[in-house]
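Pasting structure25.cif here (mmCIF, C-alpha atoms):
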```
data_model
loop_
_atom_site.label_atom_id
_atom_site.label_comp_id
_atom_site.auth_asym_id
_atom_site.auth_seq_id
_atom_site.Cartn_x
_atom_site.Cartn_y
_atom_site.Cartn_z
CA MET A 656 -69.34 105.84 48.18
CA ILE A 657 -70.79 108.21 50.76
CA THR A 658 -68.98 111.53 50.97
CA MET A 659 -68.73 113.95 53.86
CA ASN A 660 -68.30 117.68 53.85
CA SER A 661 -65.40 119.26 55.72
CA SER A 662 -67.38 120.11 58.87
CA ILE A 663 -68.63 116.55 59.34
CA ARG A 664 -65.17 115.15 58.70
CA ILE A 665 -63.73 117.49 61.34
CA VAL A 666 -66.28 116.31 63.91
CA CYS A 667 -65.62 112.66 63.05
CA VAL A 668 -61.89 113.06 63.43
CA HIS A 669 -62.36 114.90 66.73
CA ILE A 670 -64.43 111.98 68.02
CA LEU A 671 -61.84 109.53 66.75
CA LEU A 672 -59.15 111.52 68.52
CA PHE A 673 -61.11 111.38 71.78
CA PHE A 674 -61.63 107.64 71.71
CA SER A 675 -58.09 107.00 70.53
CA ILE A 676 -56.71 108.84 73.54
CA ILE A 677 -59.12 107.11 75.93
CA HIS A 678 -58.19 103.66 74.66
CA ALA A 679 -54.42 104.23 74.36
CA SER A 680 -52.92 102.07 77.11
CA ALA A 681 -50.52 103.37 79.72
CA ALA A 682 -47.83 101.06 78.35
CA PHE A 683 -48.32 102.40 74.85
CA SER A 684 -48.22 105.97 76.09
CA ALA A 685 -45.02 105.32 78.01
CA SER A 686 -43.32 103.66 75.04
CA THR A 687 -44.44 106.42 72.68
CA THR A 688 -43.21 109.14 75.04
CA SER A 689 -39.91 107.35 75.37
CA GLN A 690 -39.64 107.09 71.60
CA ASN A 691 -40.43 110.77 71.17
CA ASN A 692 -38.07 111.99 73.87
CA GLY A 693 -35.22 109.47 73.73
CA PRO A 694 -32.18 109.55 71.47
CA LEU A 695 -32.80 108.65 67.83
CA ILE A 696 -31.06 105.52 66.61
CA ASP A 697 -30.64 104.62 62.96
CA LYS A 698 -32.09 101.12 62.60
CA TYR A 699 -31.39 99.56 59.25
CA THR A 700 -29.41 96.57 58.07
CA THR A 701 -28.28 96.68 54.45
CA PRO A 702 -29.21 93.44 52.63
CA ASN A 703 -26.26 91.26 51.63
CA ASN A 704 -27.89 89.38 48.72
CA LEU A 705 -27.99 92.10 46.06
CA SER A 706 -24.33 92.58 45.11
CA SER A 707 -24.61 90.66 41.83
CA LYS A 708 -27.77 92.43 40.71
CA VAL A 709 -28.44 95.32 38.33
CA ALA A 710 -30.88 98.23 38.48
CA ILE A 711 -32.06 101.10 36.31
CA VAL A 712 -33.33 104.17 38.16
CA THR A 713 -34.97 106.92 36.11
CA GLY A 714 -35.07 110.36 37.71
CA GLY A 715 -31.94 109.37 39.62
CA SER A 716 -30.19 112.74 39.74
CA ARG A 717 -32.24 114.09 42.63
CA GLY A 718 -35.16 113.55 44.98
CA ILE A 719 -36.75 110.17 45.58
CA GLY A 720 -35.04 108.61 42.57
CA LYS A 721 -31.62 109.57 43.91
CA GLY A 722 -32.49 108.29 47.37
CA ILE A 723 -33.42 104.90 45.93
CA ALA A 724 -30.36 104.77 43.66
CA LEU A 725 -28.06 105.46 46.62
CA GLU A 726 -29.54 102.73 48.82
CA LEU A 727 -29.52 100.15 46.02
CA GLY A 728 -25.88 101.06 45.44
CA ARG A 729 -25.11 100.84 49.14
CA ALA A 730 -26.34 97.24 48.95
CA GLY A 731 -23.68 96.57 46.31
CA MET A 732 -25.83 96.71 43.20
CA THR A 733 -24.79 98.04 39.82
CA VAL A 734 -27.07 101.04 39.31
CA TYR A 735 -27.63 102.79 35.98
CA VAL A 736 -28.57 106.32 37.03
CA ALA A 737 -30.73 107.86 34.29
CA SER A 738 -31.79 111.51 34.16
CA ARG A 739 -31.74 114.59 31.95
CA SER A 740 -29.46 116.48 34.31
CA THR A 741 -25.79 115.94 33.49
CA ARG A 742 -22.56 117.87 33.88
CA SER A 743 -21.77 117.50 30.21
CA GLY A 744 -25.15 118.69 28.97
CA SER A 745 -28.21 120.41 30.28
CA ILE A 746 -29.63 120.65 33.78
CA SER A 747 -33.41 120.48 34.11
CA THR A 748 -34.60 123.89 35.26
CA GLU A 749 -38.24 123.36 36.28
CA ARG A 750 -37.29 123.81 39.93
CA ASP A 751 -34.85 126.20 41.57
CA LEU A 752 -32.53 123.92 43.55
CA GLY A 753 -30.63 126.78 45.16
CA SER A 754 -27.66 125.48 47.15
CA PHE A 755 -28.04 121.97 45.70
CA GLU A 756 -25.76 122.69 42.77
CA ASP A 757 -24.67 119.27 41.51
CA CYS A 758 -27.92 117.36 41.06
CA THR A 759 -26.62 115.34 38.14
CA VAL A 760 -26.37 111.69 37.13
CA GLU A 761 -22.60 111.92 37.54
CA ARG A 762 -22.84 113.04 41.16
CA THR A 763 -25.33 110.32 42.06
CA ALA A 764 -23.08 107.70 40.43
CA GLU A 765 -20.08 109.02 42.37
CA GLU A 766 -21.98 108.76 45.65
CA ILE A 767 -23.03 105.20 44.82
CA ASN A 768 -19.37 104.31 44.23
CA GLU A 769 -18.43 105.89 47.57
CA LEU A 770 -21.07 103.71 49.27
CA GLY A 771 -19.62 100.52 47.80
CA GLY A 772 -21.81 99.99 44.76
CA LYS A 773 -21.21 100.62 41.09
CA GLY A 774 -22.88 103.73 39.72
CA ILE A 775 -23.13 104.30 35.98
CA PRO A 776 -24.35 107.77 34.90
CA ILE A 777 -26.70 107.80 31.91
CA PRO A 778 -27.90 111.11 30.43
CA LEU A 779 -31.44 110.25 29.38
CA ASP A 780 -34.74 111.95 28.55
CA VAL A 781 -37.52 109.54 29.52
CA SER A 782 -39.82 111.23 27.00
CA ASN A 783 -37.53 109.93 24.24
CA ASP A 784 -38.42 106.30 23.48
CA ASP A 785 -35.23 105.69 21.53
CA GLU A 786 -33.05 106.74 24.45
CA ILE A 787 -34.87 104.32 26.76
CA ALA A 788 -34.38 101.46 24.29
CA GLN A 789 -30.68 102.32 23.94
CA LEU A 790 -30.22 102.27 27.71
CA VAL A 791 -31.78 98.82 28.08
CA GLN A 792 -29.64 97.54 25.20
CA LYS A 793 -26.55 98.91 26.97
CA VAL A 794 -27.51 97.13 30.19
CA GLN A 795 -28.03 93.87 28.30
CA GLU A 796 -24.66 94.12 26.57
CA GLU A 797 -22.72 95.10 29.69
CA CYS A 798 -24.47 93.06 32.39
CA GLY A 799 -26.74 90.52 30.71
CA ARG A 800 -29.43 91.01 33.32
CA LEU A 801 -31.85 93.54 34.81
CA ASP A 802 -33.19 92.87 38.29
CA VAL A 803 -34.77 96.16 39.32
CA LEU A 804 -36.42 98.99 37.38
CA ILE A 805 -37.36 102.12 39.31
CA CYS A 806 -39.58 104.62 37.49
CA SER A 807 -39.12 107.88 39.39
CA ALA A 808 -38.71 110.45 36.61
CA PHE A 809 -41.31 113.21 36.86
CA THR A 810 -41.55 116.63 35.27
CA THR A 811 -42.12 119.37 37.80
CA PRO A 812 -45.62 120.75 37.13
CA PRO A 813 -46.04 124.47 36.34
CA ASN A 814 -46.73 127.02 39.09
CA LEU A 815 -45.50 124.66 41.81
CA THR A 816 -44.27 127.53 43.97
CA ASP A 817 -47.62 129.25 44.49
CA ALA A 818 -51.27 128.54 45.23
CA SER A 819 -52.21 128.26 41.54
CA PHE A 820 -50.69 124.76 41.62
CA ARG A 821 -53.88 123.84 43.51
CA ASP A 822 -56.16 125.80 41.19
CA GLU A 823 -59.32 124.57 39.42
CA PHE A 824 -58.59 122.28 36.47
CA TRP A 825 -60.28 124.43 33.81
CA LYS A 826 -57.88 127.23 34.69
CA GLN A 827 -54.81 124.97 34.53
CA LYS A 828 -55.82 123.46 31.19
CA GLY A 829 -53.56 121.13 29.20
CA GLN A 830 -50.24 122.37 30.51
CA MET A 831 -50.79 120.79 33.92
CA TRP A 832 -52.14 117.59 32.37
CA ASP A 833 -49.16 117.18 30.07
CA ALA A 834 -46.67 117.84 32.88
CA CYS A 835 -48.24 115.24 35.18
CA HIS A 836 -48.86 112.58 32.54
CA GLY A 837 -45.98 112.88 30.07
CA VAL A 838 -42.74 111.87 31.75
CA GLY A 839 -44.26 110.58 34.99
CA LEU A 840 -46.80 108.25 33.39
CA ARG A 841 -46.00 107.66 29.73
CA GLY A 842 -42.29 107.65 30.49
CA ALA A 843 -42.80 104.99 33.16
CA TYR A 844 -44.91 102.91 30.79
CA MET A 845 -42.29 103.04 28.03
CA ALA A 846 -39.46 102.25 30.45
CA CYS A 847 -41.39 99.14 31.46
CA CYS A 848 -42.11 98.21 27.84
CA GLU A 849 -38.42 98.32 26.95
CA SER A 850 -37.15 96.70 30.18
CA VAL A 851 -39.52 93.76 30.59
CA PRO A 852 -38.01 91.50 27.87
CA LEU A 853 -34.61 91.68 29.59
CA MET A 854 -36.25 91.13 32.98
CA ILE A 855 -38.02 88.03 31.65
CA GLU A 856 -34.67 86.76 30.39
CA THR A 857 -33.15 87.48 33.81
CA ALA A 858 -35.84 85.51 35.64
CA GLU A 859 -35.37 82.56 33.27
CA LYS A 860 -31.57 82.59 33.38
CA PHE A 861 -30.97 83.07 37.10
CA THR A 862 -32.82 80.50 39.21
CA GLY A 863 -34.82 81.95 42.08
CA THR A 864 -34.62 85.51 40.77
CA ARG A 865 -37.80 87.61 40.67
CA PRO A 866 -37.11 90.97 38.99
CA LEU A 867 -38.96 93.94 40.46
CA ILE A 868 -40.52 97.03 38.91
CA GLY A 869 -41.16 99.96 41.26
CA ILE A 870 -43.47 102.75 40.10
CA ILE A 871 -43.10 105.83 42.30
CA SER A 872 -46.59 107.09 43.05
CA SER A 873 -48.16 108.95 45.98
CA PHE A 874 -51.25 109.30 48.15
CA GLY A 875 -52.68 111.37 45.30
CA GLY A 876 -53.63 108.02 43.78
CA LYS A 877 -56.07 107.41 46.65
CA SER A 878 -57.30 110.86 47.63
CA TYR A 879 -57.71 114.29 46.08
CA THR A 880 -54.30 115.97 46.29
CA PHE A 881 -53.15 119.31 44.85
CA ASN A 882 -55.19 119.27 41.62
CA VAL A 883 -57.15 117.08 39.20
CA ALA A 884 -54.35 116.28 36.74
CA TYR A 885 -51.95 115.27 39.51
CA GLY A 886 -54.41 112.86 41.12
CA VAL A 887 -55.42 111.26 37.82
CA GLY A 888 -51.74 110.70 36.99
CA LYS A 889 -51.00 109.03 40.31
CA ALA A 890 -54.11 106.85 40.16
CA ALA A 891 -53.00 105.77 36.69
CA ALA A 892 -49.52 104.95 38.02
CA ASP A 893 -51.10 102.70 40.64
CA ARG A 894 -53.19 101.00 37.97
CA LEU A 895 -50.10 100.55 35.80
CA ALA A 896 -48.42 98.59 38.58
CA SER A 897 -51.59 96.61 39.25
CA ASP A 898 -52.38 95.67 35.65
CA MET A 899 -48.78 94.87 34.74
CA SER A 900 -48.68 92.38 37.60
CA VAL A 901 -51.52 90.43 35.99
CA GLN A 902 -49.51 89.88 32.83
CA LEU A 903 -46.08 89.56 34.45
CA SER A 904 -46.86 87.07 37.22
CA LYS A 905 -46.37 84.07 34.93
CA TYR A 906 -42.88 85.40 34.11
CA ASN A 907 -41.94 85.71 37.82
CA ILE A 908 -41.70 89.50 37.68
CA ASP A 909 -43.23 91.61 40.44
CA THR A 910 -44.51 95.18 40.38
CA ILE A 911 -45.36 97.60 43.16
CA ALA A 912 -46.56 101.20 43.41
CA LEU A 913 -44.50 102.89 46.09
CA TYR A 914 -46.04 105.64 48.23
CA PRO A 915 -43.49 107.89 49.91
CA GLY A 916 -44.93 110.37 52.35
CA LEU A 917 -44.01 114.02 52.62
CA VAL A 918 -40.43 114.04 51.30
CA LYS A 919 -37.58 116.45 51.99
CA THR A 920 -36.37 116.64 48.40
CA GLU A 921 -33.85 119.25 47.34
CA GLY A 922 -36.58 121.29 45.67
CA ASN A 923 -38.90 121.19 48.68
CA ILE A 924 -36.12 122.18 51.06
CA GLU A 925 -35.26 125.17 48.89
CA MET A 926 -38.92 126.19 48.64
CA GLU A 927 -39.10 126.25 52.42
CA LYS A 928 -35.94 128.37 52.60
CA ARG A 929 -37.49 130.88 50.20
CA GLY A 930 -40.75 130.98 52.17
CA GLU A 931 -42.79 129.39 49.37
CA TRP A 932 -43.44 125.98 50.87
CA GLU A 933 -46.45 126.71 53.08
CA GLU A 934 -48.57 128.30 50.35
CA ALA A 935 -47.60 125.79 47.66
CA SER A 936 -48.12 122.69 49.85
CA GLY A 937 -51.28 123.86 51.54
CA GLY A 938 -49.67 124.15 54.96
CA PHE A 939 -47.81 120.84 55.38
CA ASP A 940 -45.01 120.80 57.96
CA LEU A 941 -41.90 119.71 56.05
CA ALA A 942 -40.15 118.99 59.35
CA MET A 943 -42.38 115.91 59.64
CA GLY A 944 -41.16 114.67 56.27
CA GLU A 945 -39.04 111.76 55.12
CA THR A 946 -35.63 111.86 53.47
CA PRO A 947 -35.42 110.42 49.95
CA ARG A 948 -33.27 107.58 51.27
CA PHE A 949 -36.16 106.36 53.42
CA SER A 950 -37.84 105.35 50.15
CA GLY A 951 -34.51 103.90 49.08
CA ARG A 952 -34.38 101.67 52.11
CA ALA A 953 -37.90 100.45 51.43
CA MET A 954 -37.15 99.60 47.80
CA THR A 955 -33.86 97.91 48.69
CA LEU A 956 -35.48 95.65 51.28
CA LEU A 957 -38.22 94.80 48.80
CA ALA A 958 -35.65 93.98 46.12
CA ALA A 959 -33.91 91.66 48.57
CA ASN A 960 -37.08 89.79 49.58
CA SER A 961 -38.73 87.99 46.65
CA VAL A 962 -41.22 86.26 48.94
CA LEU A 963 -42.53 89.64 50.07
CA THR A 964 -42.62 91.17 46.58
CA LYS A 965 -44.48 88.18 45.18
CA GLU A 966 -47.07 88.61 47.93
CA ARG A 967 -47.38 92.39 47.38
CA SER A 968 -47.08 92.40 43.58
CA GLY A 969 -49.52 94.78 41.91
CA LYS A 970 -50.30 96.53 45.18
CA VAL A 971 -49.53 99.83 46.83
CA VAL A 972 -46.70 99.78 49.37
CA VAL A 973 -46.50 102.76 51.74
CA VAL A 974 -42.91 103.48 52.73
CA ALA A 975 -43.71 104.46 56.34
CA GLU A 976 -45.97 101.45 56.84
CA LEU A 977 -43.35 99.06 55.44
CA ALA A 978 -40.80 100.64 57.80
CA LYS A 979 -43.01 99.89 60.77
CA GLU A 980 -43.61 96.34 59.53
CA LEU A 981 -39.95 95.53 58.88
CA GLY A 982 -38.50 97.63 61.71
CA PHE A 983 -36.27 100.12 59.91
CA THR A 984 -35.93 103.89 60.35
CA ASP A 985 -35.05 106.85 58.20
CA ILE A 986 -31.36 107.79 58.07
CA ASP A 987 -31.84 110.25 60.94
CA GLY A 988 -33.28 107.56 63.22
CA ARG A 989 -36.85 108.81 62.90
CA THR A 990 -39.78 106.68 61.81
CA PRO A 991 -42.11 109.12 60.03
CA ALA A 992 -45.82 108.36 60.24
CA SER A 993 -47.84 107.28 57.24
CA ILE A 994 -49.92 110.08 55.76
CA ARG A 995 -53.02 108.04 56.62
CA SER A 996 -51.96 107.64 60.26
CA LEU A 997 -53.50 109.71 63.04
CA GLN A 998 -49.93 110.64 63.96
CA PHE A 999 -49.78 112.59 60.70
CA ILE A 1000 -53.40 113.66 60.18
CA LEU A 1001 -54.08 115.09 63.64
CA PRO A 1002 -51.00 117.38 63.89
CA GLU A 1003 -51.35 118.50 60.27
CA PHE A 1004 -55.11 119.09 60.05
CA VAL A 1005 -56.99 118.75 63.32
CA PHE A 1006 -54.81 120.15 66.09
CA PRO A 1007 -54.23 123.49 64.30
CA GLN A 1008 -57.98 124.00 63.91
CA ILE A 1009 -58.69 123.11 67.54
CA GLU A 1010 -56.00 125.52 68.72
CA LYS A 1011 -57.28 128.25 66.42
CA GLN A 1012 -60.86 127.84 67.62
CA SER A 1013 -59.92 127.62 71.30
CA GLY A 1014 -57.24 130.30 71.22
CA SER A 1015 -54.85 128.17 73.25
CA PRO A 1016 -52.39 125.36 72.52
CA LEU A 1017 -53.24 121.74 73.16
CA PRO A 1018 -51.36 120.14 76.06
CA ASN A 1019 -48.30 118.08 75.20
CA TRP A 1020 -49.77 114.93 76.76
CA ILE A 1021 -52.23 114.91 73.86
CA LYS A 1022 -49.78 115.90 71.15
CA ASN A 1023 -47.12 113.42 72.25
CA ASN A 1024 -49.39 110.41 72.66
CA VAL A 1025 -51.34 110.19 69.43
CA PRO A 1026 -51.62 106.50 68.47
CA ASP A 1027 -50.22 105.30 65.16
CA TYR A 1028 -53.64 104.24 63.93
CA LEU A 1029 -54.11 103.90 60.17
CA LEU A 1030 -57.36 105.17 58.73
CA PRO A 1031 -58.83 102.76 56.15
CA TRP A 1032 -58.27 103.63 52.48
CA SER A 1033 -62.03 104.04 52.04
CA THR A 1034 -61.87 107.14 54.25
CA PHE A 1035 -59.90 108.97 51.58
CA SER A 1036 -62.56 108.55 48.90
CA ALA A 1037 -64.56 111.16 50.75
CA GLY A 1038 -62.43 113.92 49.30
CA PRO A 1039 -59.59 116.05 50.63
CA PRO A 1040 -58.93 116.54 54.34
CA PRO A 1041 -60.29 119.72 55.89
CA ALA A 1042 -58.31 122.73 54.74
CA ASN A 1043 -56.25 124.77 57.17
CA ASP A 1044 -57.95 128.15 57.02
#
```
What does the file become when written as structure tokens?
Amino acid sequence: MITMNSSIRIVCVHILLFFSIIHASAAFSASTTSQNNGPLIDKYTTPNNLSSKVAIVTGGSRGIGKGIALELGRAGMTVYVASRSTRSGSISTERDLGSFEDCTVERTAEEINELGGKGIPIPLDVSNDDEIAQLVQKVQEECGRLDVLICSAFTTPPNLTDASFRDEFWKQKGQMWDACHGVGLRGAYMACCESVPLMIETAEKFTGTRPLIGIISSFGGKSYTFNVAYGVGKAAADRLASDMSVQLSKYNIDTIALYPGLVKTEGNIEMEKRGEWEEASGGFDLAMGETPRFSGRAMTLLAANSVLTKERSGKVVVVAELAKELGFTDIDGRTPASIRSLQFILPEFVFPQIEKQSGSPLPNWIKNNVPDYLLPWSTFSAGPPPAND
């Protein structure tokens, strides 16, 4: 694959910006302006065909895992919320969660119950194979089925709060590799190993049921992101979903790798409050981010649509792109852009450089009318986007 250095990529994106603006129709511009300036409306209909179904969500005490657990519960599912953080034991301390004091499996389960589902808190260390096996056995004994497995547990990598998180791999050594590949990758693999037999039984026992495995991944699986170990781990997560689908298709079980965008997790929000976010993230604007429940809505709609999951099994599903396809919003009424959309790339990477070089801000008629055009995945094999100097 041909690669481009940062200067050439900047020129190419500038040209793309020019032609995108020229070819954006007046109708599109008017509708986009209206969308940007009008009141935000929460557009989402909770599926009504999941109330008899059962899910396991690892990493469910906070972040994306919690967002998914809450939305599955809101749809009436029984959700086993699995995480290390519990009121009766230890709280994982890799990240300072500041004002978010009760990030525990008990609190997530309570919120699921408040939303109309059934939340069951399970203290669990995904790095412990025996604990995973015991959880699946518990689900089998209590429910006799398992319809959805969400693998969202992930150990926070070291040095996340400063620029060394993006350092060269030979300086990070094995500590970064183990953090990115232990719980997040091996833990997901073992959760699948233990869960699949019950999911096969579920598909056989309940006619028309197609159990679903969701592996939480990220754009780091497609493009250089943060550091070497992180990207390798996410690419492996994508391949896990892809290769499992080959073996599971004959059992009517589907798998997907879910790509959230920039997410307003508890940890990220606290980093921004402490003034650490910009350096650690490389300059991303967290205000453009998604809530964890945006991913939850995506997973819930997938779980409710076996025709769609069969079609997408083994593939990457981008939360923001699925939202546009199915017509749902985040809980605040916004529809965040995909990270590979010009609506994300230009404000994050190109506009700041143009304004820095010109010494003046770009006019709003450009900023407010960027088309939601998705760059092809092949573009991202050329390396990272140009850095914000």
Inset, instruction - To verify the selection step, state as number ranges by chain which residues the PyMOL selection byres ((chain A and resi 904-913) around 8) yields on this input. - result: A: 854-855, 858, 864-873, 892-893, 896-897, 899-903, 914-915, 964-965, 967-974
Inset, instruction - Could you tell me how far atom CA of Asp987 of chain A lies from atom CA of Ser807 of chain A, in Å and to one decimal? - result: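 Separation between atom CA of Asp987 of chain A and atom CA of Ser807 of chain A: 22.9 Å.
This file, queried with the PyMOL selection byres ((chain A and resi 788) around 12), gives the residues Leu779, Asp780, Val781, Ser782, Asn783, Asp784, Asp785, Glu786, Ile787, Gln789, Leu790, Val791, Gln792, Lys793, Val794, Gln795, Gly842, Met845, Ala846, Cys847, Cys848, Glu849, Ser850, Val851, Pro852 and Leu853 of chain A.
Between atom CA of Glu945 of chain A and atom CA of Ser706 of chain A the interatomic distance comes to 26.2 Å.
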Inset, instruction - For atom CA of Pro1018 of chain A and atom CA of Ala992 of chain A, quote the distance in Å rounded to one decimal. - result: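 Answer for the atom CA of Pro1018 of chain A to atom CA of Ala992 of chain A separation: 20.5 Å.
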Write out as a compact mmCIF listing (two decimals) with C-alpha atoms, in the coordinates of the input the residues lying within 10 Å of segment 763-776 of chain A, counting all atoms listed in the file and excluding same-chain residues fewer than 3 positions away.
```
# COMPACT_ATOMS: atom_id res chain seq x y z
CA SER A 706 -24.33 92.58 45.11
CA VAL A 709 -28.44 95.32 38.33
CA ALA A 710 -30.88 98.23 38.48
CA ILE A 711 -32.06 101.10 36.31
CA GLY A 715 -31.94 109.37 39.62
CA SER A 716 -30.19 112.74 39.74
CA ARG A 717 -32.24 114.09 42.63
CA GLY A 720 -35.04 108.61 42.57
CA LYS A 721 -31.62 109.57 43.91
CA GLY A 722 -32.49 108.29 47.37
CA ALA A 724 -30.36 104.77 43.66
CA LEU A 725 -28.06 105.46 46.62
CA GLU A 726 -29.54 102.73 48.82
CA LEU A 727 -29.52 100.15 46.02
CA GLY A 728 -25.88 101.06 45.44
CA ARG A 729 -25.11 100.84 49.14
CA ALA A 730 -26.34 97.24 48.95
CA GLY A 731 -23.68 96.57 46.31
CA MET A 732 -25.83 96.71 43.20
CA THR A 733 -24.79 98.04 39.82
CA VAL A 734 -27.07 101.04 39.31
CA TYR A 735 -27.63 102.79 35.98
CA VAL A 736 -28.57 106.32 37.03
CA ALA A 737 -30.73 107.86 34.29
CA SER A 738 -31.79 111.51 34.16
CA THR A 741 -25.79 115.94 33.49
CA ASP A 757 -24.67 119.27 41.51
CA CYS A 758 -27.92 117.36 41.06
CA THR A 759 -26.62 115.34 38.14
CA VAL A 760 -26.37 111.69 37.13
CA LEU A 779 -31.44 110.25 29.38
```
Inset, instruction - Select, from A:Pro1007, A:Pro1002, A:Pro694, A:Gly714, the residue with the minimum atom-to-atom distance to Asn1023 of chain A, counting only C-alpha atoms. - result: A:Pro1002
Inset, instruction - I need the residue set behind the PyMOL selection byres ((chain A and resi 941) around 12) for this file; please write it as a VMD selection string. - result: chain A and resid 916 to 928 930 to 933 935 to 940 942 to 946 991 999 1003
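Closest approach to Lys889 of chain A among A:Lys828, A:Arg841, A:Lys877, A:Arg739 is made by A:Lys877 (distances from all atoms listed in the file).
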Legend entry - Residues within 12 Å of (-48.4, 109.8, 30.1), file coords, all atoms listed in the file, listed as a ChimeraX atom specification: /A:781-782,808-810,831-846,884-885,887-892,895
Generate the output file for the selected residues, C-alpha atoms, as a PDB file, in the coordinates of the input.
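Okay, this is what ended up in out19.pdb:
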```pdb
ATOM      1  CA  VAL A 781     -37.520 109.540  29.520  1.00  0.00           C
ATOM      2  CA  SER A 782     -39.820 111.230  27.000  1.00  0.00           C
ATOM      3  CA  ALA A 808     -38.710 110.450  36.610  1.00  0.00           C
ATOM      4  CA  PHE A 809     -41.310 113.210  36.860  1.00  0.00           C
ATOM      5  CA  THR A 810     -41.550 116.630  35.270  1.00  0.00           C
ATOM      6  CA  MET A 831     -50.790 120.790  33.920  1.00  0.00           C
ATOM      7  CA  TRP A 832     -52.140 117.590  32.370  1.00  0.00           C
ATOM      8  CA  ASP A 833     -49.160 117.180  30.070  1.00  0.00           C
ATOM      9  CA  ALA A 834     -46.670 117.840  32.880  1.00  0.00           C
ATOM     10  CA  CYS A 835     -48.240 115.240  35.180  1.00  0.00           C
ATOM     11  CA  HIS A 836     -48.860 112.580  32.540  1.00  0.00           C
ATOM     12  CA  GLY A 837     -45.980 112.880  30.070  1.00  0.00           C
ATOM     13  CA  VAL A 838     -42.740 111.870  31.750  1.00  0.00           C
ATOM     14  CA  GLY A 839     -44.260 110.580  34.990  1.00  0.00           C
ATOM     15  CA  LEU A 840     -46.800 108.250  33.390  1.00  0.00           C
ATOM     16  CA  ARG A 841     -46.000 107.660  29.730  1.00  0.00           C
ATOM     17  CA  GLY A 842     -42.290 107.650  30.490  1.00  0.00           C
ATOM     18  CA  ALA A 843     -42.800 104.990  33.160  1.00  0.00           C
ATOM     19  CA  TYR A 844     -44.910 102.910  30.790  1.00  0.00           C
ATOM     20  CA  MET A 845     -42.290 103.040  28.030  1.00  0.00           C
ATOM     21  CA  ALA A 846     -39.460 102.250  30.450  1.00  0.00           C
ATOM     22  CA  ALA A 884     -54.350 116.280  36.740  1.00  0.00           C
ATOM     23  CA  TYR A 885     -51.950 115.270  39.510  1.00  0.00           C
ATOM     24  CA  VAL A 887     -55.420 111.260  37.820  1.00  0.00           C
ATOM     25  CA  GLY A 888     -51.740 110.700  36.990  1.00  0.00           C
ATOM     26  CA  LYS A 889     -51.000 109.030  40.310  1.00  0.00           C
ATOM     27  CA  ALA A 890     -54.110 106.850  40.160  1.00  0.00           C
ATOM     28  CA  ALA A 891     -53.000 105.770  36.690  1.00  0.00           C
ATOM     29  CA  ALA A 892     -49.520 104.950  38.020  1.00  0.00           C
ATOM     30  CA  LEU A 895     -50.100 100.550  35.800  1.00  0.00           C
TER      31      LEU A 895
END
```
Once you add 3 Å to each side, what are the centre and edge lengths of the axis-aligned box holding all listed atoms of segment 772-787 of chain A? One decimal in Å, as JSON, if you can.
```
{"center_x": -30.5, "center_y": 106.0, "center_z": 33.1, "size_x": 24.6, "size_y": 18.0, "size_z": 29.2}
```
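Minimum distance to Asn960 of chain A across A:Phe755, A:Asn704, A:Ile723, A:Phe1035 (counting all atoms listed in the file) occurs at A:Asn704.
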Legend entry - Pick from A:Ala959, A:Asn1024, A:Ser1033, A:Gly1014 nearest to Pro702 of chain A, counting only C-alpha atoms: A:Ala959
